[in-house]
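Q: This is input08.cif (mmCIF, N, CA and C atoms).
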```
data_run
#
loop_
_atom_site.label_atom_id
_atom_site.label_comp_id
_atom_site.auth_asym_id
_atom_site.auth_seq_id
_atom_site.Cartn_x
_atom_site.Cartn_y
_atom_site.Cartn_z
N MET C 362 0.85 -1.19 0.00
CA MET C 362 0.00 0.00 0.00
C MET C 362 0.89 1.25 0.00
N LEU C 363 0.51 2.22 -0.81
CA LEU C 363 1.28 3.46 -0.92
C LEU C 363 0.97 4.40 0.24
N SER C 364 1.97 5.13 0.70
CA SER C 364 1.75 6.14 1.73
C SER C 364 1.16 7.39 1.08
N PHE C 365 0.58 8.25 1.90
CA PHE C 365 0.04 9.50 1.37
C PHE C 365 1.14 10.33 0.70
N ARG C 366 2.32 10.30 1.29
CA ARG C 366 3.44 11.06 0.72
C ARG C 366 3.78 10.56 -0.69
N GLU C 367 3.80 9.24 -0.88
CA GLU C 367 4.11 8.65 -2.18
C GLU C 367 3.00 8.98 -3.19
N ILE C 368 1.75 8.93 -2.74
CA ILE C 368 0.62 9.28 -3.63
C ILE C 368 0.73 10.74 -4.05
N ASP C 369 1.00 11.63 -3.08
CA ASP C 369 1.15 13.06 -3.39
C ASP C 369 2.27 13.28 -4.40
N LYS C 370 3.39 12.59 -4.19
CA LYS C 370 4.54 12.74 -5.09
C LYS C 370 4.17 12.29 -6.50
N ARG C 371 3.50 11.15 -6.63
CA ARG C 371 3.10 10.65 -7.95
C ARG C 371 2.11 11.59 -8.63
N LEU C 372 1.16 12.12 -7.86
CA LEU C 372 0.19 13.05 -8.43
C LEU C 372 0.86 14.33 -8.89
N ALA C 373 1.81 14.84 -8.13
CA ALA C 373 2.53 16.06 -8.50
C ALA C 373 3.30 15.85 -9.79
N VAL C 374 3.97 14.71 -9.91
CA VAL C 374 4.74 14.42 -11.13
C VAL C 374 3.79 14.29 -12.32
N GLN C 375 2.69 13.58 -12.14
CA GLN C 375 1.72 13.39 -13.22
C GLN C 375 1.09 14.71 -13.64
N ALA C 376 0.75 15.56 -12.67
CA ALA C 376 0.14 16.85 -12.98
C ALA C 376 1.11 17.77 -13.71
N ASN C 377 2.41 17.56 -13.52
CA ASN C 377 3.44 18.39 -14.13
C ASN C 377 3.67 18.04 -15.60
N LEU C 378 3.25 16.87 -16.03
CA LEU C 378 3.52 16.43 -17.40
C LEU C 378 2.65 17.17 -18.42
N ASN C 379 3.26 17.58 -19.51
CA ASN C 379 2.54 18.21 -20.61
C ASN C 379 1.86 17.10 -21.42
N GLU C 380 0.57 17.27 -21.72
CA GLU C 380 -0.18 16.25 -22.45
C GLU C 380 0.48 15.87 -23.77
N LYS C 381 0.91 16.87 -24.52
CA LYS C 381 1.41 16.63 -25.88
C LYS C 381 2.83 16.07 -25.90
N THR C 382 3.71 16.65 -25.08
CA THR C 382 5.12 16.24 -25.14
C THR C 382 5.49 15.17 -24.13
N GLY C 383 4.70 15.03 -23.07
CA GLY C 383 5.04 14.06 -22.03
C GLY C 383 6.16 14.55 -21.13
N LYS C 384 6.62 15.79 -21.34
CA LYS C 384 7.70 16.36 -20.53
C LYS C 384 7.10 17.36 -19.56
N GLY C 385 7.82 17.61 -18.48
CA GLY C 385 7.34 18.55 -17.48
C GLY C 385 8.38 19.59 -17.14
N LEU C 386 8.10 20.34 -16.09
CA LEU C 386 9.03 21.35 -15.61
C LEU C 386 10.25 20.69 -14.98
N THR C 387 11.36 21.39 -14.99
CA THR C 387 12.53 20.90 -14.27
C THR C 387 12.27 21.07 -12.77
N LYS C 388 13.11 20.44 -11.96
CA LYS C 388 12.95 20.55 -10.51
C LYS C 388 13.04 22.01 -10.06
N GLU C 389 13.98 22.75 -10.64
CA GLU C 389 14.15 24.17 -10.29
C GLU C 389 12.92 24.99 -10.69
N GLU C 390 12.38 24.73 -11.89
CA GLU C 390 11.18 25.45 -12.35
C GLU C 390 9.98 25.13 -11.46
N MET C 391 9.86 23.87 -11.07
CA MET C 391 8.74 23.48 -10.21
C MET C 391 8.86 24.13 -8.84
N LEU C 392 10.06 24.13 -8.26
CA LEU C 392 10.25 24.76 -6.95
C LEU C 392 9.98 26.26 -7.00
N SER C 393 10.41 26.90 -8.08
CA SER C 393 10.18 28.33 -8.26
C SER C 393 8.68 28.62 -8.33
N SER C 394 7.96 27.80 -9.10
CA SER C 394 6.51 27.97 -9.22
C SER C 394 5.81 27.74 -7.89
N MET C 395 6.26 26.73 -7.15
CA MET C 395 5.65 26.43 -5.86
C MET C 395 5.83 27.59 -4.89
N GLN C 396 7.01 28.23 -4.91
CA GLN C 396 7.25 29.38 -4.03
C GLN C 396 6.29 30.51 -4.37
N THR C 397 6.06 30.73 -5.64
CA THR C 397 5.14 31.79 -6.07
C THR C 397 3.73 31.48 -5.60
N VAL C 398 3.28 30.25 -5.84
CA VAL C 398 1.92 29.86 -5.46
C VAL C 398 1.74 29.92 -3.94
N MET C 399 2.72 29.43 -3.20
CA MET C 399 2.62 29.46 -1.73
C MET C 399 2.60 30.90 -1.21
N GLY C 400 3.45 31.75 -1.79
CA GLY C 400 3.47 33.15 -1.39
C GLY C 400 2.16 33.84 -1.68
N ALA C 401 1.62 33.60 -2.87
CA ALA C 401 0.35 34.23 -3.26
C ALA C 401 -0.78 33.71 -2.38
N GLY C 402 -0.78 32.41 -2.11
CA GLY C 402 -1.82 31.84 -1.26
C GLY C 402 -1.77 32.38 0.15
N HIS C 403 -0.56 32.53 0.68
CA HIS C 403 -0.38 33.07 2.03
C HIS C 403 -0.86 34.51 2.10
N GLU C 404 -0.47 35.31 1.11
CA GLU C 404 -0.84 36.72 1.10
C GLU C 404 -2.35 36.91 1.01
N THR C 405 -3.01 36.18 0.11
CA THR C 405 -4.45 36.35 -0.05
C THR C 405 -5.22 35.86 1.17
N THR C 406 -4.75 34.78 1.76
CA THR C 406 -5.41 34.26 2.97
C THR C 406 -5.27 35.24 4.12
N ALA C 407 -4.07 35.76 4.33
CA ALA C 407 -3.83 36.73 5.40
C ALA C 407 -4.65 38.00 5.18
N ASN C 408 -4.72 38.44 3.94
CA ASN C 408 -5.50 39.63 3.61
C ASN C 408 -6.98 39.42 3.92
N SER C 409 -7.51 38.28 3.50
CA SER C 409 -8.93 37.98 3.74
C SER C 409 -9.21 37.86 5.24
N LEU C 410 -8.31 37.25 5.97
CA LEU C 410 -8.48 37.13 7.42
C LEU C 410 -8.47 38.51 8.08
N SER C 411 -7.58 39.38 7.63
CA SER C 411 -7.53 40.74 8.18
C SER C 411 -8.84 41.49 7.95
N TRP C 412 -9.37 41.40 6.73
CA TRP C 412 -10.64 42.06 6.43
C TRP C 412 -11.78 41.44 7.24
N THR C 413 -11.73 40.13 7.44
CA THR C 413 -12.76 39.45 8.22
C THR C 413 -12.77 39.98 9.65
N LEU C 414 -11.60 40.06 10.27
CA LEU C 414 -11.51 40.56 11.64
C LEU C 414 -11.97 42.01 11.73
N TYR C 415 -11.61 42.81 10.74
CA TYR C 415 -12.04 44.21 10.70
C TYR C 415 -13.56 44.31 10.64
N GLU C 416 -14.17 43.56 9.72
CA GLU C 416 -15.63 43.62 9.56
C GLU C 416 -16.35 43.07 10.79
N LEU C 417 -15.81 42.00 11.39
CA LEU C 417 -16.43 41.46 12.60
C LEU C 417 -16.34 42.45 13.76
N ALA C 418 -15.24 43.21 13.83
CA ALA C 418 -15.12 44.24 14.86
C ALA C 418 -16.15 45.35 14.64
N LYS C 419 -16.44 45.66 13.39
CA LYS C 419 -17.45 46.68 13.07
C LYS C 419 -18.87 46.17 13.32
N HIS C 420 -19.06 44.85 13.24
CA HIS C 420 -20.39 44.25 13.39
C HIS C 420 -20.36 43.14 14.43
N PRO C 421 -20.29 43.51 15.72
CA PRO C 421 -20.16 42.50 16.77
C PRO C 421 -21.36 41.55 16.84
N GLU C 422 -22.52 41.98 16.36
CA GLU C 422 -23.69 41.09 16.38
C GLU C 422 -23.47 39.87 15.48
N VAL C 423 -22.69 40.05 14.42
CA VAL C 423 -22.35 38.92 13.54
C VAL C 423 -21.34 38.03 14.25
N ALA C 424 -20.37 38.64 14.91
CA ALA C 424 -19.36 37.87 15.63
C ALA C 424 -19.99 37.01 16.72
N ARG C 425 -21.04 37.54 17.35
CA ARG C 425 -21.73 36.77 18.40
C ARG C 425 -22.72 35.77 17.82
N GLY C 426 -23.02 35.92 16.53
CA GLY C 426 -23.97 35.00 15.89
C GLY C 426 -25.41 35.34 16.17
N ASN C 427 -25.68 36.58 16.62
CA ASN C 427 -27.05 36.99 16.92
C ASN C 427 -27.73 37.56 15.67
N LEU C 428 -28.02 36.69 14.74
CA LEU C 428 -28.63 37.14 13.50
C LEU C 428 -30.05 36.64 13.35
N GLY C 429 -30.59 36.07 14.42
CA GLY C 429 -31.92 35.48 14.31
C GLY C 429 -31.80 34.10 13.69
N GLY C 430 -32.91 33.51 13.39
CA GLY C 430 -32.91 32.15 12.84
C GLY C 430 -32.41 32.11 11.41
N ARG C 431 -31.71 31.06 11.08
CA ARG C 431 -31.24 30.84 9.70
C ARG C 431 -32.20 29.85 9.06
N LYS C 432 -32.70 30.21 7.89
CA LYS C 432 -33.66 29.36 7.18
C LYS C 432 -33.07 27.98 6.92
N GLY C 433 -33.80 26.94 7.25
CA GLY C 433 -33.37 25.59 6.94
C GLY C 433 -32.40 24.98 7.94
N ALA C 434 -32.02 25.72 8.99
CA ALA C 434 -31.08 25.18 9.97
C ALA C 434 -31.77 24.09 10.79
N ARG C 435 -31.13 22.91 10.86
CA ARG C 435 -31.71 21.79 11.60
C ARG C 435 -31.20 21.72 13.02
N SER C 436 -30.05 22.35 13.28
CA SER C 436 -29.46 22.26 14.62
C SER C 436 -28.66 23.54 14.89
N ALA C 437 -28.16 23.63 16.12
CA ALA C 437 -27.31 24.78 16.48
C ALA C 437 -26.04 24.78 15.64
N ASP C 438 -25.49 23.58 15.36
CA ASP C 438 -24.29 23.49 14.52
C ASP C 438 -24.58 23.98 13.11
N ASP C 439 -25.72 23.59 12.57
CA ASP C 439 -26.14 24.08 11.24
C ASP C 439 -26.23 25.60 11.24
N GLN C 440 -26.83 26.13 12.31
CA GLN C 440 -27.00 27.57 12.43
C GLN C 440 -25.64 28.26 12.42
N SER C 441 -24.68 27.76 13.23
CA SER C 441 -23.36 28.38 13.33
C SER C 441 -22.59 28.30 12.03
N SER C 442 -22.58 27.12 11.39
CA SER C 442 -21.83 26.98 10.14
C SER C 442 -22.46 27.82 9.05
N GLY C 443 -23.78 27.96 9.06
CA GLY C 443 -24.45 28.80 8.08
C GLY C 443 -24.07 30.26 8.23
N ILE C 444 -24.01 30.73 9.47
CA ILE C 444 -23.61 32.11 9.73
C ILE C 444 -22.17 32.32 9.29
N LEU C 445 -21.29 31.36 9.57
CA LEU C 445 -19.89 31.47 9.18
C LEU C 445 -19.76 31.56 7.65
N ILE C 446 -20.44 30.67 6.95
CA ILE C 446 -20.39 30.67 5.48
C ILE C 446 -20.91 32.00 4.93
N ASP C 447 -22.03 32.47 5.47
CA ASP C 447 -22.59 33.76 5.02
C ASP C 447 -21.61 34.90 5.27
N ALA C 448 -20.97 34.89 6.45
CA ALA C 448 -20.02 35.95 6.80
C ALA C 448 -18.82 35.94 5.85
N VAL C 449 -18.26 34.76 5.59
CA VAL C 449 -17.10 34.66 4.70
C VAL C 449 -17.47 35.11 3.29
N GLN C 450 -18.63 34.69 2.80
CA GLN C 450 -19.05 35.11 1.46
C GLN C 450 -19.23 36.62 1.38
N GLU C 451 -19.77 37.20 2.43
CA GLU C 451 -19.97 38.66 2.44
C GLU C 451 -18.63 39.40 2.51
N ILE C 452 -17.69 38.89 3.29
CA ILE C 452 -16.36 39.50 3.39
C ILE C 452 -15.70 39.48 2.01
N LEU C 453 -15.76 38.33 1.34
CA LEU C 453 -15.13 38.21 0.02
C LEU C 453 -15.85 39.05 -1.04
N ARG C 454 -17.14 39.30 -0.84
CA ARG C 454 -17.87 40.18 -1.76
C ARG C 454 -17.42 41.64 -1.57
N LEU C 455 -17.33 42.06 -0.31
CA LEU C 455 -16.95 43.44 -0.02
C LEU C 455 -15.47 43.71 -0.23
N HIS C 456 -14.64 42.71 0.06
CA HIS C 456 -13.18 42.86 -0.03
C HIS C 456 -12.62 41.69 -0.84
N PRO C 457 -12.80 41.70 -2.15
CA PRO C 457 -12.34 40.56 -2.96
C PRO C 457 -10.83 40.39 -2.92
N VAL C 458 -10.39 39.15 -3.12
CA VAL C 458 -8.96 38.84 -3.12
C VAL C 458 -8.28 39.60 -4.26
N SER C 459 -8.93 39.66 -5.39
CA SER C 459 -8.42 40.42 -6.53
C SER C 459 -9.44 41.51 -6.84
N TYR C 460 -8.99 42.74 -6.92
CA TYR C 460 -9.92 43.85 -7.12
C TYR C 460 -10.28 44.09 -8.57
N TYR C 461 -9.56 43.47 -9.48
CA TYR C 461 -9.90 43.63 -10.89
C TYR C 461 -9.53 42.38 -11.66
N GLY C 462 -10.13 42.25 -12.81
CA GLY C 462 -9.81 41.15 -13.71
C GLY C 462 -9.54 41.71 -15.09
N ASN C 463 -8.73 41.03 -15.85
CA ASN C 463 -8.40 41.47 -17.20
C ASN C 463 -8.85 40.39 -18.17
N ARG C 464 -9.62 40.76 -19.16
CA ARG C 464 -10.09 39.80 -20.16
C ARG C 464 -9.87 40.38 -21.55
N GLU C 465 -9.75 39.49 -22.53
CA GLU C 465 -9.66 39.91 -23.92
C GLU C 465 -10.98 39.57 -24.59
N VAL C 466 -11.55 40.53 -25.29
CA VAL C 466 -12.84 40.35 -25.94
C VAL C 466 -12.69 39.33 -27.06
N ALA C 467 -13.56 38.29 -27.06
CA ALA C 467 -13.46 37.19 -28.01
C ALA C 467 -14.12 37.51 -29.36
N LYS C 468 -15.10 38.40 -29.36
CA LYS C 468 -15.77 38.77 -30.61
C LYS C 468 -16.25 40.21 -30.49
N ASP C 469 -16.47 40.84 -31.62
CA ASP C 469 -16.99 42.21 -31.61
C ASP C 469 -18.28 42.24 -30.80
N ASP C 470 -18.42 43.26 -29.97
CA ASP C 470 -19.60 43.35 -29.11
C ASP C 470 -19.91 44.81 -28.83
N VAL C 471 -21.04 45.03 -28.18
CA VAL C 471 -21.45 46.38 -27.78
C VAL C 471 -21.73 46.36 -26.29
N LEU C 472 -21.15 47.33 -25.59
CA LEU C 472 -21.32 47.43 -24.15
C LEU C 472 -22.33 48.52 -23.84
N PRO C 473 -23.51 48.16 -23.31
CA PRO C 473 -24.50 49.20 -22.97
C PRO C 473 -24.05 49.97 -21.74
N LEU C 474 -24.33 51.24 -21.70
CA LEU C 474 -23.99 52.08 -20.55
C LEU C 474 -25.21 52.24 -19.67
N SER C 475 -25.03 52.16 -18.36
CA SER C 475 -26.16 52.30 -17.44
C SER C 475 -26.63 53.75 -17.39
N LYS C 476 -25.71 54.68 -17.64
CA LYS C 476 -26.06 56.11 -17.68
C LYS C 476 -25.60 56.67 -19.01
N ARG C 477 -26.43 57.47 -19.59
CA ARG C 477 -26.03 58.12 -20.84
C ARG C 477 -24.86 59.04 -20.55
N THR C 478 -23.90 59.04 -21.43
CA THR C 478 -22.69 59.80 -21.24
C THR C 478 -22.53 60.77 -22.40
N THR C 479 -22.06 61.96 -22.09
CA THR C 479 -21.87 62.95 -23.13
C THR C 479 -20.38 63.11 -23.40
N THR C 480 -20.02 62.99 -24.68
CA THR C 480 -18.65 63.23 -25.11
C THR C 480 -18.69 64.08 -26.36
N ASP C 481 -17.88 65.10 -26.39
CA ASP C 481 -17.82 65.99 -27.55
C ASP C 481 -19.20 66.51 -27.96
N GLY C 482 -20.06 66.75 -26.98
CA GLY C 482 -21.39 67.28 -27.30
C GLY C 482 -22.39 66.22 -27.75
N ARG C 483 -21.95 64.96 -27.85
CA ARG C 483 -22.87 63.88 -28.24
C ARG C 483 -23.23 63.04 -27.03
N THR C 484 -24.45 62.55 -27.00
CA THR C 484 -24.88 61.64 -25.94
C THR C 484 -24.82 60.22 -26.48
N ILE C 485 -24.13 59.34 -25.74
CA ILE C 485 -24.04 57.95 -26.17
C ILE C 485 -24.64 57.03 -25.12
N GLN C 486 -25.20 55.92 -25.57
CA GLN C 486 -25.83 54.95 -24.68
C GLN C 486 -25.09 53.61 -24.67
N GLU C 487 -24.12 53.45 -25.59
CA GLU C 487 -23.38 52.21 -25.68
C GLU C 487 -22.00 52.47 -26.27
N VAL C 488 -21.12 51.51 -26.08
CA VAL C 488 -19.76 51.63 -26.59
C VAL C 488 -19.44 50.35 -27.37
N ALA C 489 -18.93 50.51 -28.59
CA ALA C 489 -18.51 49.36 -29.38
C ALA C 489 -17.18 48.85 -28.84
N VAL C 490 -17.07 47.53 -28.68
CA VAL C 490 -15.85 46.90 -28.18
C VAL C 490 -15.39 45.87 -29.21
N PRO C 491 -14.34 46.19 -29.97
CA PRO C 491 -13.89 45.26 -31.01
C PRO C 491 -13.18 44.04 -30.45
N LYS C 492 -13.22 42.95 -31.20
CA LYS C 492 -12.53 41.71 -30.85
C LYS C 492 -11.06 42.01 -30.58
N GLY C 493 -10.50 41.36 -29.54
CA GLY C 493 -9.09 41.53 -29.21
C GLY C 493 -8.81 42.65 -28.22
N THR C 494 -9.81 43.46 -27.90
CA THR C 494 -9.63 44.56 -26.95
C THR C 494 -9.44 44.01 -25.55
N SER C 495 -8.47 44.56 -24.81
CA SER C 495 -8.30 44.19 -23.40
C SER C 495 -9.27 44.99 -22.56
N VAL C 496 -10.02 44.31 -21.72
CA VAL C 496 -11.02 44.96 -20.88
C VAL C 496 -10.67 44.68 -19.42
N TYR C 497 -10.59 45.73 -18.62
CA TYR C 497 -10.34 45.59 -17.20
C TYR C 497 -11.68 45.67 -16.47
N ILE C 498 -11.95 44.68 -15.65
CA ILE C 498 -13.22 44.60 -14.94
C ILE C 498 -12.96 44.86 -13.46
N SER C 499 -13.66 45.84 -12.90
CA SER C 499 -13.51 46.16 -11.49
C SER C 499 -14.44 45.26 -10.68
N LEU C 500 -13.88 44.22 -10.07
CA LEU C 500 -14.67 43.31 -9.26
C LEU C 500 -15.16 44.02 -8.00
N ALA C 501 -14.33 44.88 -7.46
CA ALA C 501 -14.69 45.61 -6.25
C ALA C 501 -15.91 46.51 -6.52
N GLU C 502 -15.92 47.16 -7.65
CA GLU C 502 -17.05 48.03 -8.01
C GLU C 502 -18.28 47.20 -8.30
N TYR C 503 -18.10 46.11 -9.03
CA TYR C 503 -19.22 45.23 -9.38
C TYR C 503 -19.88 44.66 -8.14
N ASN C 504 -19.09 44.25 -7.15
CA ASN C 504 -19.61 43.61 -5.94
C ASN C 504 -19.93 44.59 -4.83
N GLY C 505 -19.55 45.85 -4.99
CA GLY C 505 -19.73 46.83 -3.93
C GLY C 505 -21.19 47.19 -3.71
N GLU C 506 -21.39 48.03 -2.75
CA GLU C 506 -22.76 48.43 -2.42
C GLU C 506 -23.16 49.69 -3.11
#
```
What do you get writing this file as structure tokens?
A:
Amino acid sequence: MLSFREIDKRLAVQANLNEKTGKGLTKEEMLSSMQTVMGAGHETTANSLSWTLYELAKHPEVARGNLGGRKGARSADDQSSGILIDAVQEILRLHPVSYYGNREVAKDDVLPLSKRTTTDGRTIQEVAVPKGTSVYISLAEYNGE
């Protein structure tokens, strides 16, 4: 029987292989990538935890779990885990790990504007976005209040 360590090692090697060539990253490249991923994971987790503590300090009723009944809760444990999940989702909505996203437009499209905008004396209601255009999306603005 294989140990968990041996299974993890085999999975890591298999995940590293390129489908087409059957070759993977060198040991140095893999270690470098792992350091980046671990650093990024640590930073985002610490950031989210900091925002969670800040928001809980602002809203002690949530920290105490005094939110009234939770729909569908079968037990006190269900109630507590439901409140925790709701709190974490709300924290990540208000303070996302990444504040923006970058996408490339796949096909010509038109972006409607929520408010009519005036430029050069003209009022426009939409903006043409050609294929290949880089678009920055503000997740913080989209999810904000």
Q: For the provided coordinates, the residues matched by the PyMOL selection byres ((chain C and resi 486) around 8) should be stated as a CSV table (one decimal) with N, CA and C atoms, keeping the file's coordinate frame.
A:
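Once written, selection00.csv looks like this:
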```csv
chain,number,residue,atom,x,y,z
C,472,LEU,N,-21.2,47.3,-25.6
C,472,LEU,CA,-21.3,47.4,-24.2
C,472,LEU,C,-22.3,48.5,-23.8
C,473,PRO,N,-23.5,48.2,-23.3
C,473,PRO,CA,-24.5,49.2,-23.0
C,473,PRO,C,-24.0,50.0,-21.7
C,474,LEU,N,-24.3,51.2,-21.7
C,474,LEU,CA,-24.0,52.1,-20.6
C,474,LEU,C,-25.2,52.2,-19.7
C,475,SER,N,-25.0,52.2,-18.4
C,475,SER,CA,-26.2,52.3,-17.4
C,475,SER,C,-26.6,53.8,-17.4
C,476,LYS,N,-25.7,54.7,-17.6
C,476,LYS,CA,-26.1,56.1,-17.7
C,476,LYS,C,-25.6,56.7,-19.0
C,477,ARG,N,-26.4,57.5,-19.6
C,477,ARG,CA,-26.0,58.1,-20.8
C,477,ARG,C,-24.9,59.0,-20.6
C,478,THR,N,-23.9,59.0,-21.4
C,478,THR,CA,-22.7,59.8,-21.2
C,478,THR,C,-22.5,60.8,-22.4
C,479,THR,N,-22.1,62.0,-22.1
C,479,THR,CA,-21.9,63.0,-23.1
C,479,THR,C,-20.4,63.1,-23.4
C,483,ARG,N,-22.0,65.0,-27.8
C,483,ARG,CA,-22.9,63.9,-28.2
C,483,ARG,C,-23.2,63.0,-27.0
C,484,THR,N,-24.4,62.6,-27.0
C,484,THR,CA,-24.9,61.6,-25.9
C,484,THR,C,-24.8,60.2,-26.5
C,485,ILE,N,-24.1,59.3,-25.7
C,485,ILE,CA,-24.0,58.0,-26.2
C,485,ILE,C,-24.6,57.0,-25.1
C,487,GLU,N,-24.1,53.4,-25.6
C,487,GLU,CA,-23.4,52.2,-25.7
C,487,GLU,C,-22.0,52.5,-26.3
C,488,VAL,N,-21.1,51.5,-26.1
C,488,VAL,CA,-19.8,51.6,-26.6
C,488,VAL,C,-19.4,50.4,-27.4
C,489,ALA,N,-18.9,50.5,-28.6
C,489,ALA,CA,-18.5,49.4,-29.4
C,489,ALA,C,-17.2,48.8,-28.8
```
Q: Grab the atom C of Val398 of chain C to atom N of Leu410 of chain C distance for me, in Å with one decimal place.
A: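 For atom C of Val398 of chain C relative to atom N of Leu410 of chain C, the distance reads 15.9 Å.
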Q: In Å to one decimal, how far is atom CA of Ala448 of chain C from atom N of Thr405 of chain C?
A: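 Result for atom N of Thr405 of chain C versus atom CA of Ala448 of chain C: 18.3 Å, one decimal.
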Q: Name the closest residue to Thr406 of chain C among the candidates C:Ala501, C:Glu389, C:Glu451, C:Val458; distances are taken between atoms, counting all atoms listed in the file.
A: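 Going through C:Ala501, C:Glu389, C:Glu451, C:Val458 one by one, the smallest distance to Thr406 of chain C is for C:Val458.
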Q: What is the atom CA of Lys419 of chain C to atom CA of Gly462 of chain C distance in Å?
A: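 Calculated distance between atom CA of Lys419 of chain C and atom CA of Gly462 of chain C is 28.4 Å.
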Q: List the neighbours of Ser499 of chain C out to 7 Å using all atoms listed in the file; skip same-chain residues closer than 2 positions along the sequence, and give me the result as number ranges by chain.
A: C: 460-462, 497, 501-504
Q: With only C-alpha atoms as the atoms that count, which of C:His420, C:Arg454, C:Lys384, C:Lys492 lies nearest to Ala467 of chain C?
A: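 Closest to Ala467 of chain C, using only C-alpha atoms: C:Lys492.
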Q: Which one of C:Ala407, C:Val490, C:Val496, C:Ala418 sits closest to Asp469 of chain C if you count only C-alpha atoms?
A: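 With only C-alpha atoms as the atom set, the closest residue is C:Val490.
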Q: From the options C:Arg464, C:Ser393, C:Leu414, C:Val423, which residue's atoms come nearest to Ile444 of chain C, counting only N, CA and C atoms?
A: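 Ranked by minimum distance to Ile444 of chain C, first place goes to C:Val423.
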Q: Can you tell me, as a list in words, which residues sit within 7 Å of (-13.1, 35.9, 3.8) in the file's frame, using only N, CA and C atoms?
A: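 Collected hits near the coordinates: Ser409, Leu410, Trp412, Thr413, Ala448, Val449, Gln450, Glu451, Ile452 and Leu453 of chain C.
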Q: For the strand (DSSP E or B) assignment from backbone DSSP, which residues of segment 446-482 of chain C qualify? Please present them as a PyMOL selection string.
A: chain C and resi 461-465+470-480
